[in-house]
>>> print(open('entry.cif').read())   # mmCIF, C-alpha atoms and all ligand atoms
data_model
#
loop_
_atom_site.label_atom_id
_atom_site.label_comp_id
_atom_site.auth_asym_id
_atom_site.auth_seq_id
_atom_site.Cartn_x
_atom_site.Cartn_y
_atom_site.Cartn_z
CA MET A 1 93.13 83.47 115.04
CA THR A 2 93.27 86.73 113.12
CA ASP A 3 90.53 86.84 110.54
CA PHE A 4 90.85 89.12 107.53
CA SER A 5 87.77 87.71 105.79
CA SER A 6 85.95 91.07 106.18
CA VAL A 7 87.99 92.42 103.25
CA LYS A 8 86.66 89.78 100.85
CA ASP A 9 84.95 91.37 97.83
CA LYS A 10 85.81 94.90 98.91
CA VAL A 11 86.71 96.97 95.84
CA ALA A 12 89.84 99.10 96.16
CA ILE A 13 91.95 101.31 93.92
CA VAL A 14 95.73 101.34 94.45
CA THR A 15 97.68 104.12 92.71
CA GLY A 16 101.34 103.74 91.78
CA ALA A 17 100.68 100.01 91.85
CA ALA A 18 103.01 98.85 89.07
CA ASP A 19 106.00 98.62 91.40
CA GLY A 20 107.32 98.79 94.96
CA LEU A 21 104.93 99.29 97.85
CA GLY A 22 101.84 99.72 95.63
CA LYS A 23 102.53 96.40 93.92
CA ALA A 24 102.96 94.66 97.30
CA ILE A 25 99.70 96.17 98.60
CA SER A 26 97.81 95.13 95.44
CA LEU A 27 99.07 91.54 95.64
CA CYS A 28 98.25 91.30 99.35
CA TYR A 29 94.73 92.70 98.80
CA ALA A 30 94.02 90.34 95.89
CA GLU A 31 95.36 87.30 97.78
CA ASN A 32 92.82 88.08 100.49
CA GLY A 33 89.86 88.28 98.11
CA MET A 34 89.66 91.99 97.38
CA LYS A 35 88.93 93.29 93.87
CA VAL A 36 91.79 95.58 92.96
CA VAL A 37 92.06 98.36 90.42
CA VAL A 38 95.78 98.51 89.78
CA SER A 39 96.63 102.01 88.54
CA ASP A 40 99.90 103.56 87.42
CA ILE A 41 101.49 105.59 84.63
CA GLN A 42 103.47 102.47 83.64
CA ALA A 43 100.84 100.48 81.73
CA GLU A 44 102.95 97.47 80.75
CA LYS A 45 104.23 96.84 84.27
CA GLY A 46 100.76 97.44 85.71
CA MET A 47 99.18 94.91 83.35
CA LYS A 48 101.77 92.36 84.49
CA ILE A 49 100.60 92.75 88.09
CA VAL A 50 97.02 92.21 86.92
CA ASP A 51 98.11 89.06 85.01
CA GLU A 52 99.93 87.78 88.12
CA ILE A 53 96.84 88.35 90.29
CA ARG A 54 94.50 86.68 87.76
CA SER A 55 96.87 83.71 87.32
CA LYS A 56 96.49 83.06 91.07
CA GLY A 57 92.68 83.23 90.82
CA GLY A 58 92.32 86.80 92.08
CA GLU A 59 90.36 89.71 90.60
CA ALA A 60 92.08 92.81 89.27
CA SER A 61 91.98 95.30 86.41
CA PHE A 62 94.40 97.95 85.20
CA TYR A 63 93.66 101.62 84.56
CA ARG A 64 96.37 104.04 83.46
CA ALA A 65 96.19 107.26 85.46
CA ASP A 66 98.63 110.04 86.25
CA VAL A 67 97.64 111.13 89.75
CA SER A 68 98.58 114.74 89.03
CA LYS A 69 95.88 114.99 86.32
CA GLU A 70 92.30 115.65 87.38
CA GLU A 71 90.74 114.02 84.29
CA ASP A 72 92.80 110.86 84.91
CA MET A 73 91.62 110.68 88.52
CA THR A 74 87.94 111.10 87.69
CA GLY A 75 88.40 108.50 84.93
CA LEU A 76 90.04 106.10 87.39
CA VAL A 77 87.22 106.29 89.93
CA ASP A 78 84.57 105.98 87.17
CA PHE A 79 86.40 102.93 85.80
CA ALA A 80 86.42 101.22 89.22
CA VAL A 81 82.71 101.81 89.73
CA LYS A 82 81.80 100.74 86.18
CA THR A 83 83.97 97.60 86.39
CA TYR A 84 82.99 96.38 89.87
CA GLY A 85 79.74 98.23 90.56
CA ARG A 86 81.03 99.94 93.70
CA LEU A 87 84.06 101.35 95.52
CA ASP A 88 85.08 100.63 99.13
CA GLY A 89 88.61 101.93 99.38
CA LEU A 90 91.50 103.86 97.89
CA VAL A 91 95.22 103.58 98.56
CA ASN A 92 96.88 106.84 97.52
CA ASN A 93 100.34 105.36 97.07
CA ALA A 94 101.83 106.94 93.92
CA GLY A 95 104.69 109.25 94.72
CA ILE A 96 108.05 110.43 93.54
CA ALA A 97 111.17 111.41 95.45
CA ALA A 98 113.29 114.49 94.81
CA GLU A 99 117.05 114.72 94.49
CA SER A 100 118.67 115.46 97.86
CA ARG A 101 119.58 119.16 98.00
CA PRO A 102 119.51 122.03 100.48
CA THR A 103 116.19 123.89 100.45
CA HIS A 104 117.29 127.00 98.53
CA GLU A 105 118.67 124.93 95.66
CA TYR A 106 115.28 123.53 94.61
CA SER A 107 113.58 125.43 91.83
CA THR A 108 109.94 126.48 92.16
CA ALA A 109 109.21 124.29 89.11
CA GLU A 110 110.58 121.25 91.00
CA PHE A 111 108.47 122.19 94.02
CA ASP A 112 105.33 122.51 91.85
CA ARG A 113 105.96 119.18 90.08
CA LEU A 114 106.62 117.17 93.24
CA LEU A 115 103.64 118.63 95.08
CA SER A 116 101.35 118.05 92.09
CA ILE A 117 102.04 114.30 92.39
CA ASP A 118 102.78 113.69 96.08
CA LEU A 119 100.21 116.07 97.58
CA LYS A 120 97.67 117.27 94.99
CA GLY A 121 97.42 113.69 93.67
CA VAL A 122 96.45 112.49 97.14
CA PHE A 123 93.89 115.29 97.53
CA MET A 124 92.28 114.50 94.17
CA GLY A 125 92.26 110.78 94.85
CA MET A 126 90.39 111.36 98.10
CA LYS A 127 88.08 113.97 96.59
CA PHE A 128 86.75 111.67 93.87
CA ALA A 129 86.97 108.33 95.69
CA VAL A 130 85.15 109.50 98.82
CA GLU A 131 82.12 110.46 96.73
CA ALA A 132 82.08 107.03 95.08
CA ILE A 133 82.52 105.25 98.44
CA LEU A 134 79.61 107.25 99.89
CA LYS A 135 77.40 106.46 96.88
CA SER A 136 78.35 102.76 97.26
CA LYS A 137 77.04 102.90 100.85
CA SER A 138 80.12 100.97 101.90
CA SER A 139 79.95 99.71 105.47
CA GLY A 140 83.73 99.49 105.58
CA GLY A 141 85.02 102.40 103.52
CA PHE A 142 88.66 103.32 103.85
CA ILE A 143 91.28 105.70 102.52
CA LEU A 144 94.96 104.97 103.02
CA ASN A 145 97.51 107.61 102.16
CA ILE A 146 101.11 106.47 101.85
CA ALA A 147 103.08 109.30 103.44
CA SER A 148 106.59 108.76 104.83
CA LEU A 149 108.69 109.28 107.91
CA ALA A 150 109.40 112.54 106.08
CA GLY A 151 105.72 113.34 106.77
CA VAL A 152 106.23 113.35 110.52
CA LEU A 153 109.88 114.40 110.86
CA GLY A 154 111.92 117.12 109.18
CA ASN A 155 114.64 115.82 106.88
CA SER A 156 117.77 117.62 105.80
CA SER A 157 118.16 117.91 102.01
CA MET A 158 114.57 116.75 101.47
CA ALA A 159 112.53 119.92 102.05
CA ILE A 160 110.09 119.63 99.15
CA TYR A 161 109.43 115.89 99.62
CA SER A 162 109.05 116.40 103.36
CA SER A 163 106.63 119.32 102.91
CA ALA A 164 104.46 117.26 100.53
CA LYS A 165 104.40 114.31 102.94
CA HIS A 166 103.59 116.56 105.94
CA GLY A 167 100.72 117.86 103.79
CA VAL A 168 99.53 114.29 103.23
CA VAL A 169 99.40 113.73 107.00
CA GLY A 170 97.41 116.99 107.40
CA LEU A 171 94.94 115.93 104.70
CA THR A 172 94.60 112.53 106.38
CA LYS A 173 93.80 113.90 109.83
CA SER A 174 91.33 116.48 108.53
CA ALA A 175 89.50 114.09 106.19
CA ALA A 176 89.30 111.49 108.98
CA LEU A 177 87.20 113.98 110.96
CA ASP A 178 85.07 114.87 107.92
CA TYR A 179 84.09 111.27 107.17
CA ALA A 180 84.07 109.49 110.54
CA ARG A 181 80.29 109.83 110.79
CA TYR A 182 79.96 108.19 107.36
CA ASN A 183 82.02 105.20 108.50
CA ILE A 184 84.98 105.91 106.25
CA THR A 185 88.35 105.57 107.97
CA VAL A 186 91.24 107.73 106.74
CA ASN A 187 94.77 106.85 107.77
CA ALA A 188 98.34 107.49 106.66
CA ILE A 189 101.11 104.91 106.57
CA CYS A 190 104.56 106.38 107.11
CA PRO A 191 107.20 103.94 105.85
CA GLY A 192 110.84 104.11 106.87
CA THR A 193 113.29 102.69 104.35
CA PHE A 194 112.03 99.95 102.05
CA ARG A 195 113.85 98.26 99.20
CA THR A 196 111.97 99.48 96.12
CA SER A 197 112.89 101.01 92.78
CA VAL A 198 112.87 104.39 94.48
CA TRP A 199 116.49 103.46 95.42
CA GLY A 200 117.39 102.81 91.78
CA GLN A 201 119.89 100.09 90.98
CA ALA A 202 121.98 100.60 94.13
CA PRO A 203 124.17 97.52 94.70
CA GLU A 204 123.60 95.19 97.66
CA GLU A 205 126.60 96.52 99.66
CA VAL A 206 125.28 100.08 99.35
CA MET A 207 121.82 98.96 100.49
CA LYS A 208 123.42 97.23 103.52
CA GLU A 209 125.07 100.53 104.42
CA TYR A 210 121.70 102.31 104.07
CA ALA A 211 120.17 99.74 106.38
CA LYS A 212 122.84 100.38 109.03
CA ILE A 213 122.25 104.13 108.84
CA PHE A 214 118.46 104.25 108.54
CA SER A 215 117.20 101.23 110.40
CA PRO A 216 117.71 100.47 114.12
CA ASN A 217 117.30 96.73 113.47
CA GLY A 218 119.90 96.83 110.72
CA ARG A 219 117.75 95.78 107.78
CA LEU A 220 115.61 97.50 105.17
CA GLY A 221 111.89 96.92 105.18
CA ASP A 222 110.26 94.41 102.87
CA PRO A 223 107.40 95.91 100.78
CA GLY A 224 105.21 92.95 101.84
CA GLU A 225 105.35 94.30 105.40
CA VAL A 226 103.56 97.46 104.22
CA GLY A 227 101.12 95.18 102.36
CA TYR A 228 100.06 93.49 105.60
CA LEU A 229 99.64 96.80 107.44
CA ALA A 230 97.51 98.10 104.54
CA LEU A 231 95.45 94.89 104.67
CA PHE A 232 94.79 95.29 108.39
CA LEU A 233 93.76 98.94 107.92
CA ALA A 234 91.38 97.95 105.09
CA SER A 235 89.76 95.27 107.22
CA ASP A 236 86.87 95.58 109.66
CA LEU A 237 89.33 94.79 112.47
CA ALA A 238 90.53 98.39 112.12
CA ARG A 239 87.21 100.27 112.05
CA TYR A 240 88.10 102.22 115.20
CA ILE A 241 91.42 103.42 113.78
CA SER A 242 91.20 106.71 111.90
CA GLY A 243 93.15 109.94 111.53
CA THR A 244 96.46 108.33 112.43
CA ALA A 245 99.88 108.45 110.78
CA ILE A 246 101.25 105.00 111.50
CA THR A 247 105.01 104.61 111.20
CA ILE A 248 106.48 101.35 109.93
CA ASP A 249 110.20 101.84 110.36
CA ALA A 250 111.70 99.38 112.89
CA GLY A 251 111.55 102.20 115.44
CA SER A 252 113.74 104.72 113.66
CA SER A 253 111.31 107.59 114.36
CA ALA A 254 111.11 106.70 118.07
CA GLY A 255 114.16 108.76 118.99
CA LYS A 256 117.86 109.24 118.52
CA ILE A 257 120.18 106.28 118.29
CA THR A 258 123.35 106.54 120.36
CA PRO A 259 126.38 104.31 119.70
CA THR A 260 126.06 100.99 121.55
CA ILE A 261 127.87 101.24 124.86
CA TRP A 262 126.62 98.06 126.47
CA SER A 263 126.67 94.42 125.62
CA HIS A 264 125.51 91.21 127.23
CA PRO A 265 127.66 88.51 125.68
CA GLU A 266 126.11 85.93 128.02
CA ILE A 267 122.70 86.58 126.41
CA VAL A 268 123.43 87.72 122.82
CA ASP A 269 126.56 87.69 120.68
N1 LIG A 301 110.46 102.90 99.47
C1 LIG A 301 110.61 103.65 100.56
O1 LIG A 301 111.60 103.49 101.28
C2 LIG A 301 109.55 104.68 100.91
C3 LIG A 301 109.68 105.33 102.15
C4 LIG A 301 108.73 106.27 102.52
C5 LIG A 301 107.66 106.56 101.69
N2 LIG A 301 107.56 105.93 100.48
C6 LIG A 301 106.40 106.29 99.65
O2 LIG A 301 105.76 105.10 99.21
C7 LIG A 301 105.12 105.34 97.96
C8 LIG A 301 105.55 104.26 96.98
O3 LIG A 301 106.95 104.38 96.78
P1 LIG A 301 107.86 103.16 96.28
O4 LIG A 301 109.04 103.12 97.15
O5 LIG A 301 107.04 101.95 96.11
O6 LIG A 301 108.34 103.77 94.89
P2 LIG A 301 108.45 103.08 93.46
O7 LIG A 301 109.20 104.09 92.64
O8 LIG A 301 108.98 101.70 93.57
O9 LIG A 301 106.93 103.00 92.97
C9 LIG A 301 106.18 104.17 92.73
C10 LIG A 301 105.16 103.90 91.63
O10 LIG A 301 104.44 105.12 91.42
C11 LIG A 301 104.29 105.33 90.02
N3 LIG A 301 104.13 106.75 89.74
C12 LIG A 301 105.07 107.72 89.74
N4 LIG A 301 104.52 108.89 89.39
C13 LIG A 301 103.21 108.66 89.17
C14 LIG A 301 102.11 109.47 88.79
N5 LIG A 301 102.26 110.79 88.52
N6 LIG A 301 100.88 108.90 88.66
C15 LIG A 301 100.71 107.57 88.89
N7 LIG A 301 101.72 106.75 89.25
C16 LIG A 301 102.95 107.30 89.39
C17 LIG A 301 105.57 104.75 89.42
O11 LIG A 301 105.39 104.44 88.03
C18 LIG A 301 105.81 103.52 90.29
O12 LIG A 301 105.21 102.38 89.77
C19 LIG A 301 105.50 106.76 97.53
O13 LIG A 301 104.46 107.65 97.86
C20 LIG A 301 106.74 107.04 98.37
O14 LIG A 301 106.93 108.42 98.60
C21 LIG A 301 108.49 104.99 100.08
#
>>> encode(input="entry.cif", output="structure tokens")
Amino acid sequence: MTDFSSVKDKVAIVTGAADGLGKAISLCYAENGMKVVVSDIQAEKGMKIVDEIRSKGGEASFYRADVSKEEDMTGLVDFAVKTYGRLDGLVNNAGIAAESRPTHEYSTAEFDRLLSIDLKGVFMGMKFAVEAILKSKSSGGFILNIASLAGVLGNSSMAIYSSAKHGVVGLTKSAALDYARYNITVNAICPGTFRTSVWGQAPEEVMKEYAKIFSPNGRLGDPGEVGYLALFLASDLARYISGTAITIDAGSSAGKITPTIWSHPEIVD
């Protein structure tokens, strides 16, 4: 039987936790006994996640922080330590997408804004959290950076997002080497296509079309599936895993998909 009890009472911060993948990770952590600092720029939605966790008997608190602001990030880490007396982990999840456009059509202001959230935010989160994890003498410290498939593959019409996410993978690998001797694991999760508010209010038929294009198994990912991967990586079952960029994408980054030219009607329809 798989035992996730090693995560019980670990204290973790999750950024961008009011919605989507961050919300799913926070709920999964709290259900398994972790103490979660839910952080986001959307205070009302974030507080609702905290209420949901507490109503199920879990422990969580909200702290409003914009990951692109240094004073917010120091405040966030201080809040976690003051509230729970220690810090064991950080999930750098907050991120924004950019409009799809060819590279030369992005302005430098758009580049600066996206990188200040998707890359500098991750750097600052690690910078301040690592110090707190070290001071907490955590025996199971962990950093999880939510990158993207766009962090391991080039993507047409997504140059600035892709460059930020490649940067996140670079930060992850380098920091993993810095902190291995202090027993802090540093990993990146690279999601494929998950149904979150990042896709706006796209109708169901449009999402089905996205699934056909982006996912070899024909469906979009469920945010809870990222939650379970994040839980495993926060647990002591994963202490030997560090410096990796783990894809969770139904295989879409494994290679090129060619049109189906075979069938076995005697086995599958
Ligand atoms: N959903 C996908 O298909 C997908 C795929 C690959 C990677 N990702 C990555 O996963 C992460 C989560 O994305 P999601 O799909 O859950 O998006 P989402 O839009 O549903 O949630 C993102 C959350 O981040 C918060 N946020 C935005 N800017 C912030 C800031 N400056 N400071 C703090 N919080 C901020 C938002 O308020 C929101 O609650 C992002 O880093 C994204 O790039 C998502």
>>> closest_residue(input="entry.cif", among="A:Leu233, A:Ala164, A:Leu220, A:Val169", to="Lys120 (chain A)", atoms="all atoms listed in the file")
A:Ala164
>>> closest_residue(input="entry.cif", among="A:Asp40, A:Glu209, A:Asp249, A:Glu70", to="Cys190 (chain A)", atoms="all atoms listed in the file")
A:Asp249
>>> residues_around(input="entry.cif", residues="Ser116 (chain A)", least_positions_apart="5", cutoff="10 Å", atoms="only C-alpha atoms", output="mmCIF file with C-alpha atoms, in the frame of the given file")
data_model
loop_
_atom_site.group_PDB
_atom_site.id
_atom_site.type_symbol
_atom_site.label_atom_id
_atom_site.label_comp_id
_atom_site.auth_asym_id
_atom_site.auth_seq_id
_atom_site.Cartn_x
_atom_site.Cartn_y
_atom_site.Cartn_z
ATOM 1 C CA VAL A 67 97.640 111.130 89.750
ATOM 2 C CA SER A 68 98.580 114.740 89.030
ATOM 3 C CA LYS A 69 95.880 114.990 86.320
ATOM 4 C CA GLY A 95 104.690 109.250 94.720
ATOM 5 C CA GLU A 110 110.580 121.250 91.000
ATOM 6 C CA PHE A 111 108.470 122.190 94.020
ATOM 7 C CA GLY A 121 97.420 113.690 93.670
ATOM 8 C CA VAL A 122 96.450 112.490 97.140
ATOM 9 C CA PHE A 123 93.890 115.290 97.530
ATOM 10 C CA MET A 124 92.280 114.500 94.170
ATOM 11 C CA ALA A 164 104.460 117.260 100.530
#
>>> residues_near_ligand(input="entry.cif", ligand="ligand LIG 301 (chain A)", cutoff="9 Å", atoms="all atoms listed in the file", output="short mmCIF file (atom, residue, chain, number, x, y, z; two decimals) with C-alpha atoms, keeping the file's coordinate frame")
data_model
loop_
_atom_site.label_atom_id
_atom_site.label_comp_id
_atom_site.auth_asym_id
_atom_site.auth_seq_id
_atom_site.Cartn_x
_atom_site.Cartn_y
_atom_site.Cartn_z
CA THR A 15 97.68 104.12 92.71
CA GLY A 16 101.34 103.74 91.78
CA ALA A 17 100.68 100.01 91.85
CA ALA A 18 103.01 98.85 89.07
CA ASP A 19 106.00 98.62 91.40
CA GLY A 20 107.32 98.79 94.96
CA LEU A 21 104.93 99.29 97.85
CA GLY A 22 101.84 99.72 95.63
CA LYS A 23 102.53 96.40 93.92
CA ALA A 24 102.96 94.66 97.30
CA SER A 39 96.63 102.01 88.54
CA ASP A 40 99.90 103.56 87.42
CA ILE A 41 101.49 105.59 84.63
CA GLN A 42 103.47 102.47 83.64
CA ALA A 43 100.84 100.48 81.73
CA LYS A 45 104.23 96.84 84.27
CA GLY A 46 100.76 97.44 85.71
CA ARG A 64 96.37 104.04 83.46
CA ALA A 65 96.19 107.26 85.46
CA ASP A 66 98.63 110.04 86.25
CA VAL A 67 97.64 111.13 89.75
CA SER A 68 98.58 114.74 89.03
CA LYS A 69 95.88 114.99 86.32
CA ASN A 92 96.88 106.84 97.52
CA ASN A 93 100.34 105.36 97.07
CA ALA A 94 101.83 106.94 93.92
CA GLY A 95 104.69 109.25 94.72
CA ILE A 96 108.05 110.43 93.54
CA ALA A 97 111.17 111.41 95.45
CA SER A 116 101.35 118.05 92.09
CA ILE A 117 102.04 114.30 92.39
CA ASP A 118 102.78 113.69 96.08
CA GLY A 121 97.42 113.69 93.67
CA ASN A 145 97.51 107.61 102.16
CA ILE A 146 101.11 106.47 101.85
CA ALA A 147 103.08 109.30 103.44
CA SER A 148 106.59 108.76 104.83
CA LEU A 149 108.69 109.28 107.91
CA ALA A 150 109.40 112.54 106.08
CA GLY A 151 105.72 113.34 106.77
CA TYR A 161 109.43 115.89 99.62
CA LYS A 165 104.40 114.31 102.94
CA ILE A 189 101.11 104.91 106.57
CA CYS A 190 104.56 106.38 107.11
CA PRO A 191 107.20 103.94 105.85
CA GLY A 192 110.84 104.11 106.87
CA THR A 193 113.29 102.69 104.35
CA PHE A 194 112.03 99.95 102.05
CA ARG A 195 113.85 98.26 99.20
CA THR A 196 111.97 99.48 96.12
CA SER A 197 112.89 101.01 92.78
CA VAL A 198 112.87 104.39 94.48
CA TRP A 199 116.49 103.46 95.42
CA GLY A 200 117.39 102.81 91.78
CA LEU A 220 115.61 97.50 105.17
CA GLY A 221 111.89 96.92 105.18
CA PRO A 223 107.40 95.91 100.78
CA ASP A 249 110.20 101.84 110.36
#
>>> atom_distance(input="entry.cif", atom1="CA of Cys28 (chain A)", atom2="CA of Met47 (chain A)")
16.4 Å
>>> residues_around(input="entry.cif", residues="region 136-140 of chain A", least_positions_apart="3", cutoff="6 Å", atoms="all atoms listed in the file", output="count of residues only")
3
>>> closest_residue(input="entry.cif", among="A:Ile248, A:Ile160, A:Ala129, A:Lys173", to="Gly227 (chain A)", atoms="only C-alpha atoms")
A:Ile248
>>> atom_distance(input="entry.cif", atom1="CA of Glu105 (chain A)", atom2="CA of Ser157 (chain A)")
9.5 Å
>>> atom_distance(input="entry.cif", atom1="CA of Leu144 (chain A)", atom2="CA of Val91 (chain A)")
4.7 Å
>>> residues_around(input="entry.cif", residues="Ser5 (chain A)", least_positions_apart="2", cutoff="9 Å", atoms="all atoms listed in the file", output="ChimeraX atom specification")
/A:3,7-8,32-33,235-236
>>> residues_around(input="entry.cif", residues="Ala175 (chain A)", least_positions_apart="5", cutoff="9 Å", atoms="all atoms listed in the file", output="PDB file with C-alpha atoms, keeping the file's coordinate frame")
ATOM      1  CA  MET A 126      90.390 111.360  98.100  1.00  0.00           C
ATOM      2  CA  GLY A 170      97.410 116.990 107.400  1.00  0.00           C
ATOM      3  CA  ALA A 180      84.070 109.490 110.540  1.00  0.00           C
ATOM      4  CA  THR A 185      88.350 105.570 107.970  1.00  0.00           C
ATOM      5  CA  VAL A 186      91.240 107.730 106.740  1.00  0.00           C
ATOM      6  CA  GLY A 243      93.150 109.940 111.530  1.00  0.00           C
TER       7      GLY A 243
END
